[in-house]
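Below is one structure, written out as structure tokens, with a few remarks after it.
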Amino acid sequence: MVRRWTAVLLVLTVLSAAALAEPQWPQDTEGQKTLREYTERLNQRLTEAGEMPVNSLFEIYQGFAVMGITREPDAETPEGVEITVKLSPETIRSIELRVSDPDRFPRIAASILLALYGDAMDAREAIRIPQDRADRAKDKPANSFEEPVEEMNGTVPRVYYAYYPDQYHDGTNWLQMTLIFPMAGTWDGNGLILGEEEAQTKPMTPEDEGDPDYEGYFSRDDYEHFEVFLTPTPEPDSAAAEYDFR
């Protein structure tokens with residue numbers, strides 16, 4: 001009887017360890033090493049937010065990786081949370097988060113931001129815009145929105161949001177956040193303490209917004225993205241003003 005209970009406890013211990021298993025990936029480049037370090041920080045933030053950690057790695061190469069949060073670790077296919085990472089040989093270039101549950105999207109998106117910014121961003125600020133985008137999707141679930149993404153890496157992180165209702169005609173709606181990382185060596189990756197004047201929401205106005213009363217697929221959006229400037233803008237007569245560092 002004692003041996004039987006010992007065996008049962010051993011099985012439960014193994015299953016518990018498997019449920020908490022972390023993805024295993026190669027670390028052939030600095031970019032892949034950075035991804036592993038970032039994911040460890042992300043999982044800590046996800047746990048603090050009451051979410052499951054990233055526990056499935058679907059694909060990984062030197063140029064990109066696809067991972068997600070699944071009910072069981074090491075799943076073969078995504079289950080409503082997809083994270084696509086573009087890598088350079090040195091660092092992470094961008095992260096694209098896609099979540100089908102609007103109630104989970106704000107927590108997961110905020111965790112992705114906090115894993116990069118660290119103490120430079122307050123948790124309430126990190127969740128503010130993701131919550132707004134999720135609320136918008138729930139308020140008008142048939143109306144999509146998409147903020148144009150500038151993929152070129154600059155000296156500071158940039159964030160863009162989108163919503164695609166029934167994108168694959170399977171009844172599933174997707175909320176999306178794209179985080180563009182700064183270039184390697186231009187940002188410390190741990191976040192810097194920013195004053196209120198340094199954190200700005202910068203609107204992007206398209207040349208042709210179309211009919212303002214139209215709200216169909218790819219409906220009119222405010223094209224707002226979150227951008228944090230860590231260095232002051234150079235004076236017009238400064239030599240640095242000849243270059244656009246963003």
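Going through the structure tokens in order, the chains are called A, B, and so on, while each chain numbers its residues from 1 and the ligands are numbered from 1 in the order shown.
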
For this session: Write out as an NGL selection string which residues come within 12 Å of Ala134 of chain A when counting only C-alpha atoms, dropping same-chain ones fewer than 4 positions away.
Result: :A and (98-109 or 127-130 or 138-141 or 144-145 or 161-164 or 173-177)

Problem set entry | Near-Asp74 of chain A list (8 Å; only C-alpha atoms; drop same-chain fewer than 6 positions) as a PyMOL selection string | chain A and resi 23+55-58

Which segment 47-119 of chain A residues have any atom within 9 Å of an atom of segment 27-33 of chain A, and for each, what is the nearest pair of atoms with distance in Å to one decimal, counting only C-alpha atoms, rows sorted by chain and number, as JSON lines?
```
{"residue": "A:Ile60", "atom": "CA", "partner": "A:Gln32", "partner_atom": "CA", "distance": 8.7}
{"residue": "A:Tyr61", "atom": "CA", "partner": "A:Gln32", "partner_atom": "CA", "distance": 8.5}
{"residue": "A:Gln62", "atom": "CA", "partner": "A:Gln32", "partner_atom": "CA", "distance": 6.9}
{"residue": "A:Gly63", "atom": "CA", "partner": "A:Gly31", "partner_atom": "CA", "distance": 8.5}
{"residue": "A:Phe64", "atom": "CA", "partner": "A:Gln32", "partner_atom": "CA", "distance": 8.9}
{"residue": "A:Ala65", "atom": "CA", "partner": "A:Gln32", "partner_atom": "CA", "distance": 8.9}
{"residue": "A:Leu87", "atom": "CA", "partner": "A:Gly31", "partner_atom": "CA", "distance": 5.8}
{"residue": "A:Ser88", "atom": "CA", "partner": "A:Gly31", "partner_atom": "CA", "distance": 5.7}
{"residue": "A:Pro89", "atom": "CA", "partner": "A:Gly31", "partner_atom": "CA", "distance": 5.1}
{"residue": "A:Glu90", "atom": "CA", "partner": "A:Gly31", "partner_atom": "CA", "distance": 4.6}
{"residue": "A:Thr91", "atom": "CA", "partner": "A:Gly31", "partner_atom": "CA", "distance": 3.9}
{"residue": "A:Ile92", "atom": "CA", "partner": "A:Gly31", "partner_atom": "CA", "distance": 5.7}
{"residue": "A:Arg93", "atom": "CA", "partner": "A:Gly31", "partner_atom": "CA", "distance": 8.7}
```

Export C-alpha atoms of the chosen residues as a PDB file, in the first residue's frame?
```
ATOM      1  CA  ILE A  60      12.426  28.371 -34.152  1.00  0.00           C
ATOM      2  CA  TYR A  61      15.099  29.339 -36.641  1.00  0.00           C
ATOM      3  CA  GLN A  62      17.821  31.950 -36.618  1.00  0.00           C
ATOM      4  CA  GLY A  63      15.450  34.455 -38.210  1.00  0.00           C
ATOM      5  CA  PHE A  64      12.168  33.849 -36.408  1.00  0.00           C
ATOM      6  CA  ALA A  65      10.322  31.811 -33.799  1.00  0.00           C
ATOM      7  CA  LEU A  87      15.088  37.748 -34.855  1.00  0.00           C
ATOM      8  CA  SER A  88      18.337  39.239 -36.062  1.00  0.00           C
ATOM      9  CA  PRO A  89      21.720  37.608 -35.354  1.00  0.00           C
ATOM     10  CA  GLU A  90      22.145  40.035 -32.436  1.00  0.00           C
ATOM     11  CA  THR A  91      18.724  40.589 -30.879  1.00  0.00           C
ATOM     12  CA  ILE A  92      14.931  40.487 -31.180  1.00  0.00           C
ATOM     13  CA  ARG A  93      13.563  42.578 -34.036  1.00  0.00           C
TER      14      ARG A  93
END
```

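Shortest separation to Asp119 of chain A among A:Arg45, A:Glu37, A:Glu146, A:Val66 occurs at residue A:Arg45, atoms counted being only C-alpha atoms.
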
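For the residues A:Ile180, A:Glu151, A:Val54, A:Gly118, ranking by smallest atom-to-atom distance to Glu79 of chain A using only C-alpha atoms places A:Val54 first.
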
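Atom CA of Thr155 of chain A is positioned 8.8 Å from atom CA of Gly185 of chain A.
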
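Closest approach to Leu114 of chain A among A:Pro26, A:Pro148, A:Pro78, A:Pro157 is made by A:Pro157 (distances from only C-alpha atoms).
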
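When atom CA of Trp187 of chain A is paired with atom CA of Leu46 of chain A, their separation reads 23.1 Å.
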